[in-house]
file work22.cif (mmCIF, C-alpha atoms)
data_upload
#
loop_
_atom_site.label_atom_id
_atom_site.label_comp_id
_atom_site.auth_asym_id
_atom_site.auth_seq_id
_atom_site.Cartn_x
_atom_site.Cartn_y
_atom_site.Cartn_z
CA MET J 1 -76.38 17.05 -32.54
CA LYS J 2 -76.38 15.09 -35.83
CA LYS J 3 -72.65 15.81 -36.21
CA VAL J 4 -71.97 14.43 -32.73
CA ARG J 5 -73.97 11.27 -33.42
CA GLY J 6 -72.11 10.80 -36.68
CA LEU J 7 -68.73 11.14 -34.96
CA PHE J 8 -69.74 8.64 -32.26
CA LEU J 9 -70.92 6.16 -34.90
CA ALA J 10 -67.61 6.51 -36.74
CA ILE J 11 -65.67 5.70 -33.58
CA ILE J 12 -67.75 2.58 -32.92
CA LEU J 13 -67.29 1.32 -36.45
CA SER J 14 -63.51 1.90 -36.28
CA ILE J 15 -63.29 -0.12 -33.06
CA PHE J 16 -65.12 -3.06 -34.65
CA ALA J 17 -62.91 -2.80 -37.67
CA CYS J 18 -59.78 -3.06 -35.51
CA ARG J 19 -61.12 -5.89 -33.34
CA PRO J 20 -58.52 -8.49 -34.51
CA LEU J 21 -55.65 -6.14 -33.69
CA ILE J 22 -57.07 -5.38 -30.24
CA ARG J 23 -57.54 -9.11 -29.59
CA HIS J 24 -53.88 -9.80 -30.45
CA LEU J 25 -52.66 -6.97 -28.20
CA SER J 26 -54.80 -8.28 -25.33
CA LEU J 27 -53.31 -11.77 -25.68
CA LEU J 28 -49.81 -10.33 -25.69
CA LEU J 29 -50.40 -8.30 -22.52
CA PHE J 30 -51.92 -11.35 -20.81
CA ALA J 31 -48.86 -13.44 -21.65
CA LEU J 32 -46.53 -10.78 -20.24
CA CYS J 33 -48.51 -10.67 -17.00
CA LEU J 34 -48.13 -14.42 -16.60
CA ALA J 35 -44.39 -14.28 -17.26
CA ALA J 36 -43.62 -11.44 -14.85
CA PRO J 37 -44.11 -13.41 -11.59
CA ALA J 38 -41.94 -16.22 -12.93
CA VAL J 39 -39.06 -13.81 -13.51
CA ALA J 40 -39.46 -12.30 -10.03
CA VAL J 41 -39.42 -15.72 -8.37
CA ALA J 42 -36.48 -16.99 -10.39
CA GLN J 43 -34.21 -14.06 -9.49
CA PRO J 44 -35.15 -12.66 -6.09
CA ALA J 45 -33.47 -9.49 -4.84
CA PRO J 46 -32.94 -10.07 -1.09
CA PHE J 47 -33.15 -7.01 1.13
CA VAL J 48 -29.70 -6.19 2.46
CA PRO J 49 -29.44 -2.97 4.50
CA ALA J 50 -26.60 -0.62 3.64
CA ARG J 51 -23.53 -1.40 5.72
CA ASP J 52 -21.17 1.15 7.19
CA PRO J 53 -17.42 0.70 7.71
CA GLN J 54 -16.32 -0.57 11.10
CA ALA J 55 -12.70 0.50 10.59
CA VAL J 56 -11.18 3.49 8.76
CA ALA J 57 -7.66 4.85 8.24
CA PHE J 58 -5.74 7.54 6.33
CA ALA J 59 -2.66 6.66 4.29
CA PRO J 60 0.54 8.56 5.21
CA GLY J 61 0.43 10.70 2.06
CA GLY J 62 -3.21 11.65 2.64
CA SER J 63 -4.28 10.72 -0.89
CA LEU J 64 -5.80 7.35 0.07
CA ILE J 65 -8.42 6.21 2.57
CA ALA J 66 -9.00 2.63 3.70
CA THR J 67 -12.33 1.38 5.00
CA ALA J 68 -13.40 -2.08 6.15
CA VAL J 69 -16.97 -3.37 6.26
CA SER J 70 -17.77 -6.38 8.43
CA GLY J 71 -19.85 -9.22 7.02
CA GLN J 72 -20.76 -12.88 6.87
CA SER J 73 -18.94 -16.02 5.82
CA ASP J 74 -20.38 -18.79 3.67
CA GLY J 75 -21.08 -20.85 6.80
CA GLN J 76 -18.68 -23.60 5.81
CA PHE J 77 -15.40 -24.81 7.29
CA PRO J 78 -12.86 -23.62 6.42
CA PRO J 79 -14.83 -20.40 6.01
CA ARG J 80 -14.84 -18.23 2.91
CA PRO J 81 -16.47 -14.88 2.14
CA HIS J 82 -20.24 -14.99 1.65
CA PRO J 83 -21.02 -15.56 -2.04
CA GLN J 84 -23.28 -12.48 -2.17
CA VAL J 85 -21.12 -9.37 -2.43
CA ARG J 86 -23.56 -7.33 -0.34
CA LYS J 87 -23.25 -9.74 2.59
CA CYS J 88 -19.53 -10.53 2.75
CA ALA J 89 -16.97 -8.43 4.60
CA VAL J 90 -14.84 -6.12 2.44
CA VAL J 91 -11.64 -4.08 2.71
CA TYR J 92 -11.69 -1.03 0.41
CA LEU J 93 -9.05 1.43 -0.73
CA TRP J 94 -10.33 4.82 -1.94
CA ASP J 95 -8.79 7.79 -3.74
CA THR J 96 -9.47 10.91 -1.67
CA ASN J 97 -9.28 13.26 -4.64
CA SER J 98 -11.85 11.52 -6.83
CA GLY J 99 -13.70 9.45 -4.25
CA LYS J 100 -13.33 6.43 -6.55
CA ARG J 101 -12.50 2.95 -5.39
CA VAL J 102 -8.93 1.78 -6.05
CA TRP J 103 -9.46 -1.86 -5.06
CA ARG J 104 -11.49 -4.16 -2.84
CA GLN J 105 -10.78 -7.47 -1.12
CA ASP J 106 -13.60 -9.71 0.14
CA SER J 107 -13.45 -11.34 3.56
CA TYR J 108 -15.71 -12.30 6.50
CA GLY J 109 -16.06 -11.49 10.19
CA ASP J 110 -15.63 -8.24 12.14
CA PHE J 111 -12.87 -5.75 11.34
CA THR J 112 -11.61 -3.86 14.38
CA GLU J 113 -8.65 -1.85 13.05
CA LEU J 114 -6.86 -0.69 9.91
CA LYS J 115 -3.34 0.73 9.91
CA PHE J 116 -1.01 1.82 7.11
CA SER J 117 2.71 1.18 7.36
CA PRO J 118 4.70 4.43 7.81
CA ASP J 119 5.97 4.30 4.22
CA GLY J 120 2.44 3.76 2.90
CA SER J 121 3.26 0.53 1.07
CA LEU J 122 1.21 -1.82 3.26
CA LEU J 123 -2.22 -1.85 4.86
CA GLY J 124 -2.76 -4.00 7.93
CA ALA J 125 -6.22 -5.20 8.98
CA THR J 126 -7.39 -7.00 12.11
CA ARG J 127 -10.36 -9.33 11.66
CA LEU J 128 -12.22 -11.22 14.41
CA TYR J 129 -14.17 -14.36 13.57
CA ALA J 130 -15.34 -17.57 15.24
CA SER J 131 -16.71 -20.72 13.62
CA ARG J 132 -20.16 -22.08 14.46
CA ASP J 133 -18.73 -24.28 17.20
CA GLY J 134 -16.88 -21.34 18.76
CA VAL J 135 -13.36 -21.88 17.40
CA PRO J 136 -11.67 -18.43 17.14
CA LEU J 137 -10.18 -17.79 13.70
CA ASP J 138 -8.92 -14.24 14.16
CA GLU J 139 -6.21 -12.91 11.86
CA VAL J 140 -4.03 -9.94 10.99
CA ARG J 141 -3.67 -9.53 7.23
CA LEU J 142 -1.26 -7.32 5.30
CA PHE J 143 -2.26 -5.95 1.88
CA ASN J 144 0.01 -4.51 -0.79
CA ILE J 145 -1.24 -0.97 -1.46
CA ALA J 146 -0.22 -0.91 -5.11
CA SER J 147 -1.84 -4.20 -6.12
CA GLY J 148 -4.34 -4.94 -3.38
CA GLN J 149 -2.94 -8.45 -3.08
CA VAL J 150 -2.36 -10.15 0.27
CA GLU J 151 1.28 -9.98 1.34
CA ARG J 152 1.06 -11.92 4.60
CA VAL J 153 -1.49 -13.52 6.91
CA LEU J 154 -0.88 -13.93 10.64
CA ASP J 155 -3.40 -16.50 11.83
CA ARG J 156 -5.04 -16.43 15.26
CA CYS J 157 -3.83 -12.88 15.93
CA HIS J 158 -6.09 -10.03 16.96
CA ALA J 159 -4.00 -6.86 17.46
CA PHE J 160 -0.97 -5.23 15.83
CA ASP J 161 0.92 -2.02 15.21
CA PHE J 162 3.80 -0.84 13.04
CA SER J 163 6.93 0.64 14.59
CA LYS J 164 7.58 4.33 13.93
CA ASP J 165 10.36 3.56 11.43
CA GLY J 166 8.22 0.95 9.69
CA LYS J 167 10.83 -1.78 9.97
CA SER J 168 9.04 -3.84 12.62
CA MET J 169 5.52 -4.74 13.61
CA ALA J 170 4.20 -6.11 16.87
CA VAL J 171 1.42 -8.70 16.66
CA ALA J 172 -0.58 -10.16 19.57
CA SER J 173 -2.25 -13.56 19.71
CA ARG J 174 -4.12 -15.17 22.63
CA THR J 175 -0.88 -16.13 24.39
CA LYS J 176 1.98 -14.26 22.69
CA CYS J 177 3.17 -10.91 21.44
CA VAL J 178 5.76 -11.25 18.68
CA ILE J 179 7.78 -8.57 16.91
CA TYR J 180 8.35 -9.32 13.22
CA ASP J 181 10.61 -7.84 10.59
CA VAL J 182 8.21 -6.20 8.13
CA ALA J 183 10.37 -6.77 5.06
CA THR J 184 11.25 -10.44 5.62
CA GLY J 185 8.58 -11.66 8.05
CA GLU J 186 11.30 -12.97 10.37
CA ARG J 187 10.48 -13.28 14.07
CA LYS J 188 12.73 -10.85 15.93
CA GLN J 189 11.47 -11.04 19.50
CA GLU J 190 8.74 -12.51 21.67
CA ILE J 191 7.32 -10.46 24.55
CA GLU J 192 5.55 -12.70 27.02
CA GLU J 193 4.31 -9.80 29.17
CA LEU J 194 2.19 -8.45 26.28
CA GLY J 195 0.76 -11.81 25.27
CA GLY J 196 -2.98 -11.68 24.69
CA ALA J 197 -3.00 -7.86 24.44
CA VAL J 198 -6.25 -6.58 22.95
CA SER J 199 -4.58 -3.40 21.67
CA LEU J 200 -0.99 -2.48 20.81
CA THR J 201 0.51 0.97 20.25
CA TYR J 202 4.10 1.67 19.25
CA GLY J 203 6.12 4.62 20.51
CA LYS J 204 9.71 5.43 19.63
CA THR J 205 11.04 3.93 22.86
CA ALA J 206 8.13 1.89 24.23
CA LEU J 207 5.39 -0.52 23.20
CA TYR J 208 2.04 -0.18 25.01
CA GLY J 209 -0.63 -2.85 25.30
CA ILE J 210 -3.94 -3.51 27.06
CA VAL J 211 -3.74 -6.87 28.84
CA GLN J 212 -6.41 -8.80 30.73
CA LEU J 213 -5.31 -10.07 34.15
CA PRO J 214 -7.28 -11.90 36.88
CA ALA J 215 -7.59 -8.56 38.71
CA GLY J 216 -8.86 -6.69 35.65
CA TYR J 217 -7.64 -4.84 32.57
CA VAL J 218 -4.33 -2.95 32.66
CA ILE J 219 -2.05 -0.97 30.36
CA ARG J 220 1.50 -2.29 30.19
CA LYS J 221 4.52 -0.35 28.97
CA TRP J 222 7.39 -2.35 27.48
CA ASP J 223 10.81 -0.66 27.26
CA LEU J 224 12.08 -1.37 23.73
CA ALA J 225 15.68 -0.31 24.34
CA ASN J 226 16.26 -2.40 27.47
CA ASN J 227 13.68 -5.15 26.85
CA PHE J 228 11.83 -5.19 30.15
CA LEU J 229 8.37 -4.40 31.50
CA ASP J 230 8.68 -0.80 32.60
CA LEU J 231 5.24 0.02 34.01
CA GLU J 232 1.77 -1.37 34.61
CA SER J 233 -1.35 0.67 35.36
CA LEU J 234 -3.83 -0.10 38.11
CA PRO J 235 -6.41 -2.69 36.98
CA GLN J 236 -9.93 -1.78 35.95
CA SER J 237 -12.73 -4.29 36.31
CA LEU J 238 -14.58 -3.40 33.11
CA PRO J 239 -12.88 -4.13 29.76
CA PHE J 240 -11.55 -1.44 27.45
CA TYR J 241 -10.15 -2.20 24.05
CA ARG J 242 -8.11 0.61 22.54
CA VAL J 243 -5.11 2.66 23.64
CA VAL J 244 -3.82 5.52 21.46
CA LEU J 245 -0.63 7.56 21.81
CA SER J 246 -0.44 11.30 21.20
CA PRO J 247 1.86 12.44 18.34
CA ASP J 248 4.38 13.92 20.81
CA GLU J 249 4.19 10.65 22.84
CA GLN J 250 3.40 12.55 26.03
CA GLN J 251 -0.11 11.21 26.58
CA LEU J 252 -2.15 8.03 26.21
CA ALA J 253 -5.92 7.94 25.75
CA THR J 254 -8.34 5.09 26.33
CA GLY J 255 -12.07 4.96 25.62
CA HIS J 256 -14.65 3.85 28.18
CA GLU J 257 -18.41 4.05 28.64
CA GLY J 258 -19.28 7.73 28.22
CA VAL J 259 -15.78 9.05 28.87
CA VAL J 260 -12.23 9.37 27.53
CA LEU J 261 -9.43 8.83 30.05
CA VAL J 262 -6.12 10.58 29.31
CA ARG J 263 -2.92 9.39 31.03
CA ALA J 264 0.71 10.44 31.18
CA ALA J 265 2.61 8.16 28.81
CA ASP J 266 5.73 8.07 30.99
CA THR J 267 3.98 7.10 34.24
CA LEU J 268 0.58 5.69 33.06
CA GLN J 269 -1.04 7.86 35.73
CA PRO J 270 -4.46 9.39 34.91
CA LEU J 271 -4.36 13.09 34.05
CA PHE J 272 -7.95 14.03 33.23
CA GLN J 273 -11.24 12.79 31.80
CA LEU J 274 -13.32 14.09 28.92
CA PRO J 275 -17.05 13.26 29.10
CA LEU J 276 -19.02 12.38 25.98
CA GLY J 277 -22.20 13.78 27.46
CA ALA J 278 -24.16 10.79 26.17
CA ARG J 279 -24.36 7.04 26.59
CA GLY J 280 -22.00 4.96 24.46
CA ARG J 281 -18.40 3.80 24.40
CA ALA J 282 -15.88 6.52 23.52
CA SER J 283 -13.29 5.86 20.80
CA PRO J 284 -10.48 8.45 21.20
CA ILE J 285 -8.18 9.90 18.51
CA PHE J 286 -5.45 12.55 18.68
CA SER J 287 -5.04 15.07 15.86
CA PRO J 288 -1.65 14.89 14.09
CA ASP J 289 -0.96 18.58 14.84
CA ARG J 290 -1.11 17.78 18.60
CA LYS J 291 -3.78 20.43 19.23
CA LEU J 292 -6.99 18.41 19.37
CA ILE J 293 -8.38 15.25 20.86
CA ALA J 294 -11.65 13.79 19.63
CA ALA J 295 -13.86 10.87 20.53
CA GLY J 296 -16.42 9.05 18.46
CA ASN J 297 -19.45 7.61 20.18
CA GLN J 298 -19.70 3.96 19.13
CA ALA J 299 -23.42 3.88 19.90
CA THR J 300 -24.42 6.84 17.71
CA GLY J 301 -21.49 7.73 15.47
CA ASP J 302 -21.40 11.28 16.89
CA VAL J 303 -18.00 12.96 17.24
CA THR J 304 -16.93 15.37 19.99
CA ILE J 305 -13.76 17.46 19.58
CA TRP J 306 -11.83 19.15 22.41
CA ASP J 307 -8.85 21.47 22.61
CA LEU J 308 -6.16 19.23 24.05
CA GLU J 309 -4.45 21.92 26.12
CA SER J 310 -7.47 23.72 27.58
CA ARG J 311 -9.78 20.64 27.48
CA GLU J 312 -12.54 22.91 26.20
CA GLU J 313 -15.17 21.31 24.00
CA LEU J 314 -14.93 22.93 20.57
CA HIS J 315 -17.34 20.99 18.38
CA ARG J 316 -19.96 18.28 18.60
CA TYR J 317 -21.16 16.73 15.36
CA THR J 318 -24.01 14.27 15.03
CA VAL J 319 -25.14 11.87 12.31
CA GLU J 320 -28.60 10.49 11.61
CA LYS J 321 -27.49 6.86 11.38
CA GLY J 322 -24.25 6.11 13.15
CA SER J 323 -24.77 2.75 14.83
CA PHE J 324 -23.31 -0.49 13.51
CA ARG J 325 -23.84 -4.24 13.80
CA PRO J 326 -21.08 -6.69 14.78
CA PHE J 327 -21.30 -10.27 13.52
CA TYR J 328 -19.26 -12.06 16.19
CA SER J 329 -21.50 -14.44 18.14
CA ARG J 330 -21.01 -14.27 21.90
CA SER J 331 -23.20 -15.38 24.79
CA ALA J 332 -25.30 -12.73 26.51
CA ASP J 333 -23.30 -12.90 29.75
CA GLU J 334 -19.89 -12.15 28.17
CA LEU J 335 -18.49 -8.71 29.03
CA PHE J 336 -15.46 -8.96 26.76
CA ARG J 337 -16.59 -7.74 23.32
CA PRO J 338 -13.71 -6.10 21.41
CA GLU J 339 -15.76 -6.04 18.20
CA SER J 340 -18.00 -3.46 19.91
CA ASP J 341 -15.17 -0.89 19.82
CA PRO J 342 -13.71 -0.85 16.30
CA GLN J 343 -11.52 1.92 14.90
CA ARG J 344 -14.33 3.89 13.18
CA PHE J 345 -12.88 7.39 13.44
CA ALA J 346 -9.68 9.09 12.19
CA PHE J 347 -8.22 12.57 11.70
CA SER J 348 -6.84 13.67 8.34
CA LEU J 349 -3.08 14.23 8.22
CA ASP J 350 -3.42 18.02 8.29
CA SER J 351 -5.92 17.82 11.19
CA SER J 352 -8.49 19.87 9.25
CA ALA J 353 -10.97 17.02 8.76
CA PHE J 354 -12.10 13.79 10.36
CA LEU J 355 -13.33 10.55 8.88
CA THR J 356 -16.18 8.56 10.37
CA GLY J 357 -17.58 5.19 9.33
CA ALA J 358 -21.23 6.31 9.31
CA PHE J 359 -23.10 6.47 5.97
CA GLY J 360 -20.51 4.39 4.16
CA GLY J 361 -17.67 6.72 5.18
CA ILE J 362 -17.88 10.51 5.47
CA LEU J 363 -15.03 13.02 5.59
CA ARG J 364 -16.13 16.20 7.39
CA ALA J 365 -14.40 19.50 8.16
CA VAL J 366 -13.34 20.01 11.76
CA ASN J 367 -14.22 23.71 11.95
CA ASP J 368 -17.82 23.56 10.68
CA GLY J 369 -18.73 19.90 10.10
CA ARG J 370 -19.50 20.29 6.40
CA GLU J 371 -19.21 17.18 4.27
CA LEU J 372 -16.06 17.07 2.13
CA LEU J 373 -16.19 13.54 0.74
CA ARG J 374 -18.39 10.47 0.91
CA VAL J 375 -17.19 7.02 -0.10
CA GLY J 376 -18.93 3.67 -0.30
CA GLU J 377 -20.85 1.43 -2.66
#

call {"tool": "encode", "arguments": {"input": "work22.cif", "output": "structure tokens"}}
result
Amino acid sequence: MKKVRGLFLAIILSIFACRPLIRHLSLLLFALCLAAPAVAVAQPAPFVPARDPQAVAFAPGGSLIATAVSGQSDGQFPPRPHPQVRKCAVVYLWDTNSGKRVWRQDSYGDFTELKFSPDGSLLGATRLYASRDGVPLDEVRLFNIASGQVERVLDRCHAFDFSKDGKSMAVASRTKCVIYDVATGERKQEIEELGGAVSLTYGKTALYGIVQLPAGYVIRKWDLANNFLDLESLPQSLPFYRVVLSPDEQQLATGHEGVVLVRAADTLQPLFQLPLGARGRASPIFSPDRKLIAAGNQATGDVTIWDLESREELHRYTVEKGSFRPFYSRSADELFRPESDPQRFAFSLDSSAFLTGAFGGILRAVNDGRELLRVGE
């Protein structure tokens, strides 16, 4: 007991002996506590939820992936990208082997489609945007793949596609559809019948477009060799925003609420429907090997894959967080919302994998759904 008391007394004496040092440490800690709130207030870290791509595409060689994230402007006129990099819109180019970013270009508004030129030298992007007073400032922008620099900007345009040989590109504005020479930018032809098309798809002998008429929304087929309107489908009252052509150019597919509608490309007559089995707009894609057709659900990000010949459902893959947020401001009573159906899904060139915009951008295997690559910042 005496030993314990002696040890306790020694501890008390040592504390009193070190009292000046303790006092100095206490003052230092107090000063740091006062400074900490000042630092937090001076440099706030705003909460910005992670954003997923609203458009994706594979380069022709398969070694590059492009993704586009929608975002805000700076609120000024003329608009510029938002000064905070986590709030502005961005176009990315990624290396599929390493998953590393090759380049990025900041922008603003909603991206609805990305397409590489057939030779892989250019990347085209469609962006929808309106100023605060409702002035549409849509554009189609061409990027140089090697440098990431902007090659050309086509103002007030909202849909485009490259020809199969890569020498021409068709671009639609609110009133016109113009075919340009890709190399020189020269206007080659104006197609009045496809003016205002919300989607354009090139075939070898025809150009297809979705056009809004007083009676509804139709698909028009323009004969490229003879320069005349070849066919027009029956109108549908509800809008649809994307038409895709099968690799053999025998079939067209359009996405609607809960269903994919497949048509004969030569007659535009409906052939069959493929149900999603869930609520949400379908976004169809054909596999390059001509064996599969898939549809992404724009509401959930889920992907359903069918055998194109038998129409049998082969796979259904889900994601935990597959929804997205458009930035385009429209009134509640407007039915026409093309930003609600962006190009968020794509097959790889060998048809063994598919890319979806959920979770920053995920490449998954077709046969078992396993994750092969994830990109994003």

call {"tool": "resolve_selection", "arguments": {"input": "work22.cif", "expression": "the PyMOL selection byres ((chain J and resi 167) around 12)", "output": "PyMOL selection string"}}
result
chain J and resi 117-119+121-122+161-166+168-170+179-186+188+202

call {"tool": "closest_residue", "arguments": {"input": "work22.cif", "among": "J:Pro60, J:Gly99, J:Gly109, J:Pro81", "to": "Val375 in chain J", "atoms": "only C-alpha atoms"}}
result
J:Gly99

call {"tool": "resolve_selection", "arguments": {"input": "work22.cif", "expression": "the PyMOL selection byres ((chain J and resi 271) around 12)", "output": "list in words"}}
result
Gln250, Gln251, Leu252, Ala253, Thr254, Val260, Leu261, Val262, Arg263, Ala264, Ala265, Asp266, Thr267, Leu268, Gln269, Pro270, Phe272, Gln273, Leu274, Leu308, Glu309 and Arg311 of chain J

call {"tool": "residues_around", "arguments": {"input": "work22.cif", "residues": "range 356-366 of chain J", "least_positions_apart": "3", "cutoff": "7 Å", "atoms": "all atoms listed in the file", "output": "list of chain:residue names"}}
result
J:Arg51, J:Asp52, J:Pro53, J:Gln54, J:Ala55, J:Val56, J:Gly301, J:Lys321, J:Gly322, J:Arg344, J:Phe345, J:Ala346, J:Ser352, J:Ala353, J:Gly369, J:Arg370, J:Glu371, J:Leu372, J:Leu373, J:Arg374, J:Val375, J:Gly376

call {"tool": "closest_residue", "arguments": {"input": "work22.cif", "among": "J:Ser351, J:Ser63, J:Ser131, J:Thr96", "to": "Gly75 in chain J", "atoms": "only C-alpha atoms"}}
result
J:Ser131

call {"tool": "atom_distance", "arguments": {"input": "work22.cif", "atom1": "CA of Glu249 in chain J", "atom2": "CA of Ala299 in chain J"}}
result
28.6 Å

call {"tool": "closest_residue", "arguments": {"input": "work22.cif", "among": "J:Val198, J:Val244, J:Val153, J:Leu137", "to": "Ala295 in chain J", "atoms": "all atoms listed in the file"}}
result
J:Val244

call {"tool": "build_atoms", "arguments": {"input": "work22.cif", "residues": "range 109-126 of chain J", "atoms": "N, CA, C and O atoms", "output": "PDB file, in the coordinates of the input"}}
result
ATOM      1  N   GLY J 109     -16.317 -11.804   8.795  1.00  0.00           N
ATOM      2  CA  GLY J 109     -16.060 -11.490  10.190  1.00  0.00           C
ATOM      3  C   GLY J 109     -16.110 -10.007  10.481  1.00  0.00           C
ATOM      4  O   GLY J 109     -16.585  -9.201   9.679  1.00  0.00           O
ATOM      5  N   ASP J 110     -15.600  -9.625  11.663  1.00  0.00           N
ATOM      6  CA  ASP J 110     -15.630  -8.240  12.140  1.00  0.00           C
ATOM      7  C   ASP J 110     -14.235  -7.619  12.061  1.00  0.00           C
ATOM      8  O   ASP J 110     -13.290  -8.127  12.670  1.00  0.00           O
ATOM      9  N   PHE J 111     -14.122  -6.511  11.353  1.00  0.00           N
ATOM     10  CA  PHE J 111     -12.870  -5.750  11.340  1.00  0.00           C
ATOM     11  C   PHE J 111     -12.853  -4.788  12.513  1.00  0.00           C
ATOM     12  O   PHE J 111     -13.835  -4.106  12.786  1.00  0.00           O
ATOM     13  N   THR J 112     -11.725  -4.733  13.213  1.00  0.00           N
ATOM     14  CA  THR J 112     -11.610  -3.860  14.380  1.00  0.00           C
ATOM     15  C   THR J 112     -10.577  -2.753  14.203  1.00  0.00           C
ATOM     16  O   THR J 112     -10.622  -1.761  14.923  1.00  0.00           O
ATOM     17  N   GLU J 113      -9.621  -2.912  13.265  1.00  0.00           N
ATOM     18  CA  GLU J 113      -8.650  -1.850  13.050  1.00  0.00           C
ATOM     19  C   GLU J 113      -7.995  -1.973  11.680  1.00  0.00           C
ATOM     20  O   GLU J 113      -7.839  -3.069  11.136  1.00  0.00           O
ATOM     21  N   LEU J 114      -7.636  -0.813  11.137  1.00  0.00           N
ATOM     22  CA  LEU J 114      -6.860  -0.690   9.910  1.00  0.00           C
ATOM     23  C   LEU J 114      -5.697   0.253  10.191  1.00  0.00           C
ATOM     24  O   LEU J 114      -5.877   1.292  10.820  1.00  0.00           O
ATOM     25  N   LYS J 115      -4.502  -0.118   9.718  1.00  0.00           N
ATOM     26  CA  LYS J 115      -3.340   0.730   9.910  1.00  0.00           C
ATOM     27  C   LYS J 115      -2.434   0.632   8.689  1.00  0.00           C
ATOM     28  O   LYS J 115      -2.153  -0.480   8.215  1.00  0.00           O
ATOM     29  N   PHE J 116      -1.986   1.791   8.189  1.00  0.00           N
ATOM     30  CA  PHE J 116      -1.010   1.820   7.110  1.00  0.00           C
ATOM     31  C   PHE J 116       0.399   1.765   7.699  1.00  0.00           C
ATOM     32  O   PHE J 116       0.661   2.311   8.778  1.00  0.00           O
ATOM     33  N   SER J 117       1.299   1.126   6.972  1.00  0.00           N
ATOM     34  CA  SER J 117       2.710   1.180   7.360  1.00  0.00           C
ATOM     35  C   SER J 117       3.205   2.609   7.170  1.00  0.00           C
ATOM     36  O   SER J 117       2.672   3.360   6.348  1.00  0.00           O
ATOM     37  N   PRO J 118       4.225   3.044   7.913  1.00  0.00           N
ATOM     38  CA  PRO J 118       4.700   4.430   7.810  1.00  0.00           C
ATOM     39  C   PRO J 118       5.111   4.866   6.409  1.00  0.00           C
ATOM     40  O   PRO J 118       4.978   6.042   6.065  1.00  0.00           O
ATOM     41  N   ASP J 119       5.596   3.933   5.585  1.00  0.00           N
ATOM     42  CA  ASP J 119       5.970   4.300   4.220  1.00  0.00           C
ATOM     43  C   ASP J 119       4.793   4.217   3.252  1.00  0.00           C
ATOM     44  O   ASP J 119       4.932   4.528   2.059  1.00  0.00           O
ATOM     45  N   GLY J 120       3.623   3.801   3.731  1.00  0.00           N
ATOM     46  CA  GLY J 120       2.440   3.760   2.900  1.00  0.00           C
ATOM     47  C   GLY J 120       2.378   2.617   1.911  1.00  0.00           C
ATOM     48  O   GLY J 120       1.495   2.598   1.044  1.00  0.00           O
ATOM     49  N   SER J 121       3.243   1.639   2.034  1.00  0.00           N
ATOM     50  CA  SER J 121       3.260   0.530   1.070  1.00  0.00           C
ATOM     51  C   SER J 121       2.366  -0.629   1.472  1.00  0.00           C
ATOM     52  O   SER J 121       2.001  -1.453   0.632  1.00  0.00           O
ATOM     53  N   LEU J 122       2.012  -0.711   2.756  1.00  0.00           N
ATOM     54  CA  LEU J 122       1.210  -1.820   3.260  1.00  0.00           C
ATOM     55  C   LEU J 122       0.013  -1.305   4.049  1.00  0.00           C
ATOM     56  O   LEU J 122       0.065  -0.222   4.659  1.00  0.00           O
ATOM     57  N   LEU J 123      -1.048  -2.096   4.032  1.00  0.00           N
ATOM     58  CA  LEU J 123      -2.220  -1.850   4.860  1.00  0.00           C
ATOM     59  C   LEU J 123      -2.468  -3.086   5.711  1.00  0.00           C
ATOM     60  O   LEU J 123      -2.622  -4.188   5.183  1.00  0.00           O
ATOM     61  N   GLY J 124      -2.474  -2.898   7.022  1.00  0.00           N
ATOM     62  CA  GLY J 124      -2.760  -4.000   7.930  1.00  0.00           C
ATOM     63  C   GLY J 124      -4.208  -3.943   8.400  1.00  0.00           C
ATOM     64  O   GLY J 124      -4.764  -2.855   8.614  1.00  0.00           O
ATOM     65  N   ALA J 125      -4.827  -5.110   8.542  1.00  0.00           N
ATOM     66  CA  ALA J 125      -6.220  -5.200   8.980  1.00  0.00           C
ATOM     67  C   ALA J 125      -6.366  -6.302  10.008  1.00  0.00           C
ATOM     68  O   ALA J 125      -5.844  -7.404   9.816  1.00  0.00           O
ATOM     69  N   THR J 126      -7.075  -6.002  11.089  1.00  0.00           N
ATOM     70  CA  THR J 126      -7.390  -7.000  12.110  1.00  0.00           C
ATOM     71  C   THR J 126      -8.834  -7.450  11.927  1.00  0.00           C
ATOM     72  O   THR J 126      -9.739  -6.616  11.862  1.00  0.00           O
TER      73      THR J 126
END
